[in-house]
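Asker: Sharing structure-v1.cif here; it has mmCIF, C-alpha atoms.
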```cif
data_work
loop_
_atom_site.label_atom_id
_atom_site.label_comp_id
_atom_site.auth_asym_id
_atom_site.auth_seq_id
_atom_site.Cartn_x
_atom_site.Cartn_y
_atom_site.Cartn_z
CA MET A 1 0.00 0.00 0.00
CA HIS A 2 1.30 3.45 -0.91
CA ASP A 3 1.38 5.92 2.01
CA PRO A 4 -1.88 4.76 3.66
CA SER A 5 -1.72 7.67 6.12
CA ALA A 6 -2.58 9.98 3.21
CA ILE A 7 -5.90 8.19 2.62
CA ASP A 8 -7.51 8.55 6.06
CA PRO A 9 -5.09 10.83 7.94
CA GLY A 10 -4.19 9.55 11.38
CA ARG A 11 -5.67 6.10 10.81
CA HIS A 12 -3.68 2.94 10.12
CA ILE A 13 -5.44 0.68 7.61
CA ASP A 14 -5.15 -3.07 8.16
CA TRP A 15 -7.48 -5.08 5.95
CA SER A 16 -6.59 -8.32 7.74
CA ARG A 17 -8.62 -7.10 10.71
CA THR A 18 -11.82 -7.14 8.68
CA SER A 19 -11.25 -10.31 6.64
CA GLY A 20 -14.02 -12.25 8.41
CA ASP A 21 -16.72 -9.70 7.64
CA TYR A 22 -15.21 -9.03 4.24
CA ALA A 23 -15.48 -12.71 3.28
CA ALA A 24 -18.92 -13.23 4.78
CA HIS A 25 -20.75 -10.03 3.95
CA ARG A 26 -19.07 -8.03 1.20
CA PRO A 27 -20.84 -8.98 -2.04
CA GLY A 28 -18.94 -9.29 -5.25
CA PRO A 29 -19.78 -7.22 -8.32
CA PRO A 30 -22.88 -8.34 -10.24
CA GLN A 31 -22.63 -10.86 -13.05
CA ARG A 32 -23.38 -8.10 -15.55
CA LEU A 33 -19.87 -6.71 -15.00
CA TYR A 34 -18.22 -9.97 -16.02
CA ASP A 35 -20.58 -10.41 -18.97
CA MET A 36 -19.71 -6.96 -20.30
CA LEU A 37 -15.99 -7.52 -19.75
CA SER A 38 -16.26 -10.81 -21.62
CA LEU A 39 -17.70 -8.99 -24.62
CA LEU A 40 -14.54 -6.84 -24.53
CA GLY A 41 -12.26 -9.87 -24.40
CA ILE A 42 -11.59 -9.93 -20.65
CA GLY A 43 -11.87 -13.05 -18.50
CA LEU A 44 -12.14 -15.53 -21.35
CA PRO A 45 -11.53 -19.27 -20.87
CA GLY A 46 -7.82 -20.04 -20.82
CA GLN A 47 -6.81 -16.41 -20.42
CA ARG A 48 -4.04 -15.88 -17.86
CA LEU A 49 -5.25 -13.26 -15.38
CA LEU A 50 -3.71 -11.64 -12.28
CA ASP A 51 -6.00 -9.95 -9.76
CA ILE A 52 -3.97 -7.46 -7.69
CA GLY A 53 -5.35 -6.18 -4.39
CA THR A 54 -7.53 -9.28 -4.53
CA GLY A 55 -8.83 -9.07 -0.95
CA THR A 56 -10.73 -12.26 -0.22
CA GLY A 57 -10.66 -13.18 -3.90
CA LEU A 58 -14.21 -12.34 -4.91
CA VAL A 59 -13.27 -11.16 -8.40
CA ALA A 60 -10.53 -13.75 -8.84
CA ARG A 61 -12.93 -16.59 -8.04
CA GLU A 62 -15.53 -15.43 -10.55
CA PHE A 63 -12.97 -15.22 -13.34
CA ALA A 64 -11.75 -18.70 -12.39
CA ARG A 65 -15.32 -20.03 -12.54
CA ARG A 66 -15.52 -18.64 -16.06
CA GLY A 67 -12.44 -20.60 -17.12
CA ALA A 68 -9.59 -18.11 -16.78
CA VAL A 69 -6.27 -19.23 -15.28
CA VAL A 70 -6.11 -16.94 -12.26
CA ALA A 71 -3.58 -15.70 -9.73
CA GLY A 72 -4.22 -13.14 -7.01
CA THR A 73 -2.09 -10.99 -4.72
CA ASP A 74 -2.81 -8.81 -1.72
CA ILE A 75 -0.62 -7.13 0.86
CA ALA A 76 -2.85 -8.34 3.74
CA ALA A 77 -2.07 -11.87 4.87
CA GLY A 78 -5.49 -12.22 6.50
CA GLN A 79 -7.21 -11.43 3.23
CA ILE A 80 -5.13 -13.98 1.34
CA ALA A 81 -5.84 -16.64 3.96
CA ALA A 82 -9.57 -16.00 3.54
CA ALA A 83 -9.19 -16.04 -0.26
CA GLN A 84 -7.41 -19.39 -0.18
CA GLU A 85 -10.02 -20.89 2.15
CA GLN A 86 -12.92 -19.76 -0.01
CA ALA A 87 -11.28 -20.90 -3.25
CA GLN A 88 -10.71 -24.34 -1.73
CA ARG A 89 -14.32 -24.43 -0.55
CA ASP A 90 -15.48 -23.60 -4.08
CA GLY A 91 -13.20 -26.18 -5.68
CA LEU A 92 -11.20 -23.55 -7.57
CA SER A 93 -7.46 -23.64 -8.27
CA ILE A 94 -6.13 -20.07 -7.86
CA ASP A 95 -2.57 -19.04 -7.06
CA PHE A 96 -3.06 -16.61 -4.15
CA GLN A 97 0.05 -14.99 -2.68
CA VAL A 98 0.79 -12.24 -0.16
CA ALA A 99 2.51 -9.46 -2.12
CA PRO A 100 2.12 -5.75 -2.87
CA ALA A 101 0.98 -4.65 -6.31
CA GLU A 102 4.30 -2.88 -6.71
CA ALA A 103 6.26 -6.16 -6.46
CA CYS A 104 4.43 -9.06 -8.10
CA PRO A 105 5.90 -12.51 -7.39
CA HIS A 106 5.60 -13.62 -11.01
CA PRO A 107 7.94 -13.85 -14.01
CA ASP A 108 8.00 -11.41 -16.89
CA ALA A 109 5.19 -11.63 -19.45
CA SER A 110 3.13 -14.02 -17.31
CA PHE A 111 -0.36 -12.60 -17.85
CA ASP A 112 -2.78 -11.52 -20.56
CA VAL A 113 -4.80 -9.36 -18.15
CA VAL A 114 -4.30 -7.70 -14.79
CA THR A 115 -7.40 -6.66 -12.84
CA ALA A 116 -7.63 -4.28 -9.91
CA SER A 117 -11.04 -4.07 -8.26
CA GLN A 118 -11.77 -1.27 -5.78
CA CYS A 119 -8.08 -0.99 -4.89
CA TRP A 120 -6.14 1.14 -7.39
CA MET A 121 -6.18 4.15 -5.03
CA TYR A 122 -3.99 2.25 -2.56
CA PHE A 123 -1.09 1.68 -4.93
CA ASP A 124 2.00 3.65 -5.86
CA VAL A 125 0.96 4.40 -9.44
CA GLU A 126 4.43 4.75 -10.99
CA ARG A 127 5.84 1.62 -9.40
CA THR A 128 2.70 -0.40 -10.05
CA CYS A 129 2.54 0.59 -13.72
CA THR A 130 6.21 -0.36 -14.15
CA GLU A 131 5.58 -3.72 -12.51
CA LEU A 132 2.46 -4.46 -14.53
CA ARG A 133 4.25 -3.66 -17.78
CA ARG A 134 6.76 -6.31 -16.71
CA VAL A 135 4.26 -9.08 -15.92
CA LEU A 136 1.87 -8.40 -18.80
CA ARG A 137 2.44 -10.04 -22.14
CA PRO A 138 2.69 -7.81 -25.25
CA GLY A 139 -0.75 -6.42 -25.95
CA GLY A 140 -1.90 -7.21 -22.39
CA MET A 141 -4.54 -5.15 -20.63
CA LEU A 142 -5.05 -3.62 -17.18
CA VAL A 143 -8.68 -3.51 -16.04
CA THR A 144 -9.66 -1.32 -13.08
CA THR A 145 -13.16 -1.70 -11.64
CA HIS A 146 -15.22 -0.26 -8.80
CA PHE A 147 -18.43 -1.40 -7.12
CA SER A 148 -19.55 1.43 -4.84
CA TRP A 149 -22.77 2.36 -3.08
CA LEU A 150 -24.31 5.70 -4.03
CA PRO A 151 -24.95 7.86 -0.94
CA GLN A 152 -26.42 10.72 -2.95
CA ALA A 153 -28.99 8.42 -4.55
CA ASP A 154 -29.67 6.09 -1.61
CA ALA A 155 -30.87 7.48 1.73
CA LEU A 156 -30.01 4.31 3.65
CA ALA A 157 -26.42 4.29 2.42
CA ARG A 158 -26.18 7.99 3.29
CA ALA A 159 -27.41 7.36 6.85
CA SER A 160 -24.93 4.51 7.36
CA GLU A 161 -22.10 6.72 6.10
CA GLN A 162 -23.01 9.41 8.60
CA LEU A 163 -22.72 6.87 11.41
CA VAL A 164 -19.28 5.77 10.17
CA LEU A 165 -18.17 9.41 10.23
CA HIS A 166 -19.45 9.77 13.78
CA PHE A 167 -17.12 6.98 14.90
CA ASN A 168 -14.30 7.78 12.45
CA PRO A 169 -14.23 11.42 11.28
CA ALA A 170 -10.95 10.77 9.42
CA TRP A 171 -12.64 8.39 6.97
CA GLN A 172 -12.54 9.92 3.50
CA GLY A 173 -14.73 7.38 1.74
CA ALA A 174 -18.02 9.20 2.35
CA HIS A 175 -20.10 11.49 0.13
CA TRP A 176 -19.06 10.00 -3.23
CA ASP A 177 -20.90 11.92 -5.95
CA GLY A 178 -21.02 9.00 -8.38
CA ARG A 179 -18.97 10.63 -11.12
CA VAL A 180 -16.90 8.20 -13.19
CA PRO A 181 -14.32 9.91 -15.43
CA SER A 182 -13.96 8.69 -18.98
CA VAL A 183 -10.20 9.08 -18.60
CA PRO A 184 -8.85 8.66 -15.04
CA SER A 185 -6.37 11.41 -14.20
CA TRP A 186 -3.61 8.96 -13.27
CA THR A 187 -3.50 7.60 -16.83
CA VAL A 188 -2.49 10.92 -18.40
CA GLY A 189 1.07 10.53 -19.70
CA ARG A 190 1.22 6.92 -18.48
CA ALA A 191 -1.42 4.85 -20.23
CA GLN A 192 -4.26 4.83 -22.75
CA VAL A 193 -7.89 4.04 -21.99
CA ALA A 194 -9.08 1.54 -24.58
CA ALA A 195 -12.67 1.28 -23.32
CA MET A 196 -14.82 2.13 -20.31
CA PHE A 197 -18.38 1.62 -19.09
CA TRP A 198 -20.52 2.03 -16.01
CA PHE A 199 -23.98 1.03 -14.84
CA ASP A 200 -26.12 1.10 -11.69
CA GLU A 201 -27.43 -1.90 -9.79
CA ALA A 202 -29.85 -2.26 -6.87
CA VAL A 203 -28.01 -4.75 -4.62
CA PRO A 204 -30.14 -6.76 -2.14
CA PHE A 205 -29.29 -6.90 1.55
CA THR A 206 -30.80 -7.95 4.84
CA ARG A 207 -30.21 -5.79 7.91
CA GLU A 208 -27.63 -8.31 9.14
CA ALA A 209 -25.85 -8.43 5.76
CA TRP A 210 -25.70 -4.63 5.47
CA ARG A 211 -24.34 -4.40 9.01
CA GLY A 212 -21.61 -6.86 8.01
CA ARG A 213 -20.95 -4.95 4.80
CA MET A 214 -20.47 -1.71 6.73
CA ARG A 215 -18.23 -3.40 9.33
CA ALA A 216 -16.09 -4.56 6.39
CA CYS A 217 -15.61 -1.06 5.02
CA ARG A 218 -12.29 0.70 5.43
CA GLY A 219 -13.65 3.29 7.83
CA VAL A 220 -14.82 0.66 10.32
CA GLY A 221 -13.28 -2.81 10.46
CA ALA A 222 -9.94 -1.97 8.87
CA THR A 223 -9.19 1.01 11.12
CA LEU A 224 -11.24 1.08 14.33
CA SER A 225 -10.40 -0.89 17.47
CA ALA A 226 -12.42 -4.00 18.28
CA ASP A 227 -14.37 -2.10 20.95
CA GLU A 228 -15.09 0.74 18.52
CA VAL A 229 -16.28 -1.70 15.86
CA GLU A 230 -18.59 -3.33 18.39
CA ALA A 231 -20.00 0.04 19.45
CA PHE A 232 -20.49 1.11 15.84
CA ASP A 233 -22.25 -2.14 14.97
CA ALA A 234 -24.63 -1.88 17.93
CA GLU A 235 -25.57 1.67 16.99
CA HIS A 236 -25.91 0.69 13.33
CA ALA A 237 -28.25 -2.15 14.28
CA ARG A 238 -30.48 0.32 16.14
CA LEU A 239 -30.38 2.70 13.17
CA LEU A 240 -31.43 0.01 10.72
CA GLU A 241 -34.27 -1.08 13.00
CA ARG A 242 -35.62 2.46 12.72
CA ILE A 243 -35.10 3.19 9.02
CA ALA A 244 -34.88 -0.10 7.09
CA PRO A 245 -37.21 -3.04 6.47
CA PRO A 246 -35.80 -6.53 7.08
CA ARG A 247 -34.88 -6.78 3.39
CA PHE A 248 -33.97 -3.91 1.10
CA THR A 249 -31.70 -2.87 -1.75
CA VAL A 250 -28.87 -0.36 -1.86
CA TRP A 251 -28.02 1.40 -5.12
CA HIS A 252 -24.47 0.80 -6.32
CA ARG A 253 -22.53 2.06 -9.31
CA VAL A 254 -20.25 -0.35 -11.17
CA ASP A 255 -17.53 0.96 -13.47
CA ALA A 256 -14.66 -0.46 -15.46
CA HIS A 257 -11.76 0.97 -17.45
CA LEU A 258 -9.72 -1.14 -19.88
CA ILE A 259 -6.24 0.36 -20.03
CA ARG A 260 -3.16 -0.24 -22.16
CA LEU A 261 0.03 0.55 -20.23
#
```
Just give me the structure of the file as structure tokens.

Answerer:
Amino acid sequence: MHDPSAIDPGRHIDWSRTSGDYAAHRPGPPQRLYDMLSLLGIGLPGQRLLDIGTGTGLVAREFARRGAVVAGTDIAAGQIAAAQEQAQRDGLSIDFQVAPAEACPHPDASFDVVTASQCWMYFDVERTCTELRRVLRPGGMLVTTHFSWLPQADALARASEQLVLHFNPAWQGAHWDGRVPSVPSWTVGRAQVAAMFWFDEAVPFTREAWRGRMRACRGVGATLSADEVEAFDAEHARLLERIAPPRFTVWHRVDAHLIRL
């Protein structure tokens, strides 16, 4: 991770601390994302694919189910342990390793595609681009994706964000306006966007599942103490009892950029 203190000032981010909730309650992107990527030549059977910042391997596992030959890396050992456990449970063969995106443990020209889902902001862009140029085969593609709730369009997501900020004012993940640039600023002078798309999806949750999803977010489980997480969760449960039915949906925006480095 590149200078994590610059993301949420004063807070140390440790994704291993939230691996349990991450694995149990954080949903993966909808199937529509993978279908659209497939139409653009990404995630095809036999394609060699590396998922950096893989977390618990949600994206890596779906590509493996679709026939790609998949590896995944993450800097958090707890996330990789959860990824390995879930892949084994699903009967999938995926090469998961603990490693930063800036130093991939793979030979030159090993992959046709590198994916980075909801994680590019954590990397040192210059070093990561250099490393991905090394491990990608000629003509290979980087795909960055995001799967983010929409607080300005969804009152429930907005209320949950406000509670996170009450417990963790340093969290900078709130108030996203939903804008997806056609050309991400980091690519200027470094890379070329070959294609991009975005769409919105109403994602179903129960109260318990949304509580787990919010515990898994960076501003809660990856930064707060165990006592603070417990206090947040108790207050969040009371909030959801007041404002949410037992089952509901939360609007999310899904985006993807296909990038040539």

Asker: Between A:Cys129, A:Val98, A:Val114, A:Val143, which one has atoms that come closest to Leu258 (chain A), using only C-alpha atoms?

Answerer: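 Among the listed residues, A:Val143 lies closest to Leu258 (chain A).
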
Asker: Output as lines of an AutoDock Vina configuration file the centre and edge lengths (Å, one decimal) of the box along x, y and z of the file that holds every listed atom of region 67-83 of chain A after adding 8 Å on each side.

Answerer:
```
center_x = -6.5
center_y = -13.9
center_z = -5.3
size_x = 27.8
size_y = 29.5
size_z = 39.6
```

Asker: Within 7 Å of region 133-142 of chain A, which residues of region 31-115 of chain A show up? Give each one with its shortest atom-to-atom distance in Å (one decimal) and the two atoms involved, counting only C-alpha atoms, rows by chain then rising residue number, as CSV.

Answerer:
```
residue,atom,partner,partner_atom,distance
A:His106,CA,A:Val135,CA,6.8
A:Pro107,CA,A:Val135,CA,6.3
A:Asp108,CA,A:Val135,CA,4.5
A:Ala109,CA,A:Arg137,CA,4.2
A:Ser110,CA,A:Val135,CA,5.3
A:Phe111,CA,A:Leu136,CA,4.8
A:Asp112,CA,A:Gly140,CA,4.8
A:Val113,CA,A:Met141,CA,4.9
A:Val114,CA,A:Leu142,CA,4.8
A:Thr115,CA,A:Leu142,CA,5.8
```

Asker: Hey, which of A:Ile259, A:Ala60, A:Ala87, A:Leu240 ends up closest to Ala209 (chain A)? Count all atoms listed in the file.

Answerer: A:Leu240

Asker: Measuring between all atoms listed in the file, which one of A:His166, A:Arg207, A:Arg17, A:Arg127 shows the shortest distance to Arg247 (chain A)?

Answerer: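 When distances to Arg247 (chain A) are compared using all atoms listed in the file, the smallest one comes from A:Arg207.
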
Asker: My list of candidates is A:Glu102, A:Glu235, A:Glu228, A:Asp200. Which is closest to Trp149 (chain A) when distances are computed with all atoms listed in the file?

Answerer: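 That would be A:Asp200, the residue with the smallest distance to Trp149 (chain A).
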
Asker: At a cut-off of 10 Å, using all atoms listed in the file, what residues contact His146 (chain A)? Leave out same-chain residues fewer than 3 positions from it and give the result as JSON, numbers by chain.

Answerer: {"A": [29, 116, 117, 118, 119, 120, 149, 180, 198, 252, 253, 254, 255, 256, 257]}

Asker: Can you work out the spacing between CA of Ile7 (chain A) and CA of Thr223 (chain A) in Å, to one decimal?

Answerer: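 We find that CA of Ile7 (chain A) and CA of Thr223 (chain A) lie 11.6 Å from each other.
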
Asker: Would you kindly return, as a PDB file with C-alpha atoms, keeping the file's coordinate frame, each protein, DNA or RNA residue with an atom no farther than 8 Å from any atom of Arg213 (chain A), considering only C-alpha atoms and excluding same-chain residues fewer than 2 positions away?

Answerer:
```
ATOM      1  CA  ASP A  21     -16.720  -9.700   7.640  1.00  0.00           C
ATOM      2  CA  TYR A  22     -15.210  -9.030   4.240  1.00  0.00           C
ATOM      3  CA  HIS A  25     -20.750 -10.030   3.950  1.00  0.00           C
ATOM      4  CA  ARG A  26     -19.070  -8.030   1.200  1.00  0.00           C
ATOM      5  CA  PRO A  27     -20.840  -8.980  -2.040  1.00  0.00           C
ATOM      6  CA  ALA A 209     -25.850  -8.430   5.760  1.00  0.00           C
ATOM      7  CA  TRP A 210     -25.700  -4.630   5.470  1.00  0.00           C
ATOM      8  CA  ARG A 211     -24.340  -4.400   9.010  1.00  0.00           C
ATOM      9  CA  ARG A 215     -18.230  -3.400   9.330  1.00  0.00           C
ATOM     10  CA  ALA A 216     -16.090  -4.560   6.390  1.00  0.00           C
ATOM     11  CA  CYS A 217     -15.610  -1.060   5.020  1.00  0.00           C
TER      12      CYS A 217
END
```

Asker: For the atom pair CA of Glu201 (chain A) and CA of Ser148 (chain A), what is the interatomic distance in Å to one decimal place?

Answerer: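 Separating CA of Glu201 (chain A) from CA of Ser148 (chain A) is a distance of 9.9 Å.
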
Asker: Rounded to one decimal in Å, what is the spacing between CA of Ser19 (chain A) and CA of Ala76 (chain A)?

Answerer: 9.1 Å

Asker: Using the chain letters and numbering of this document, enumerate as a VMD selection string the residues selected by the PyMOL selection byres ((chain A and resi 12-16) around 12).

Answerer: chain A and resid 1 to 11 17 to 23 53 to 56 74 to 83 98 119 122 168 170 to 171 215 to 225

Asker: Which one is closest to Phe147 (chain A): A:Val229, A:Ala234, A:Ile94, A:Ala202? Count all atoms listed in the file.

Answerer: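 For Phe147 (chain A), the nearest of the candidates is A:Ala202.
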
Asker: Using all atoms listed in the file, which of the listed residues (A:Ala157, A:Ile52, A:Met36, A:Leu163) sits closest to Pro100 (chain A)?

Answerer: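 Answer, going by the shortest atom-to-atom distance: A:Ile52.
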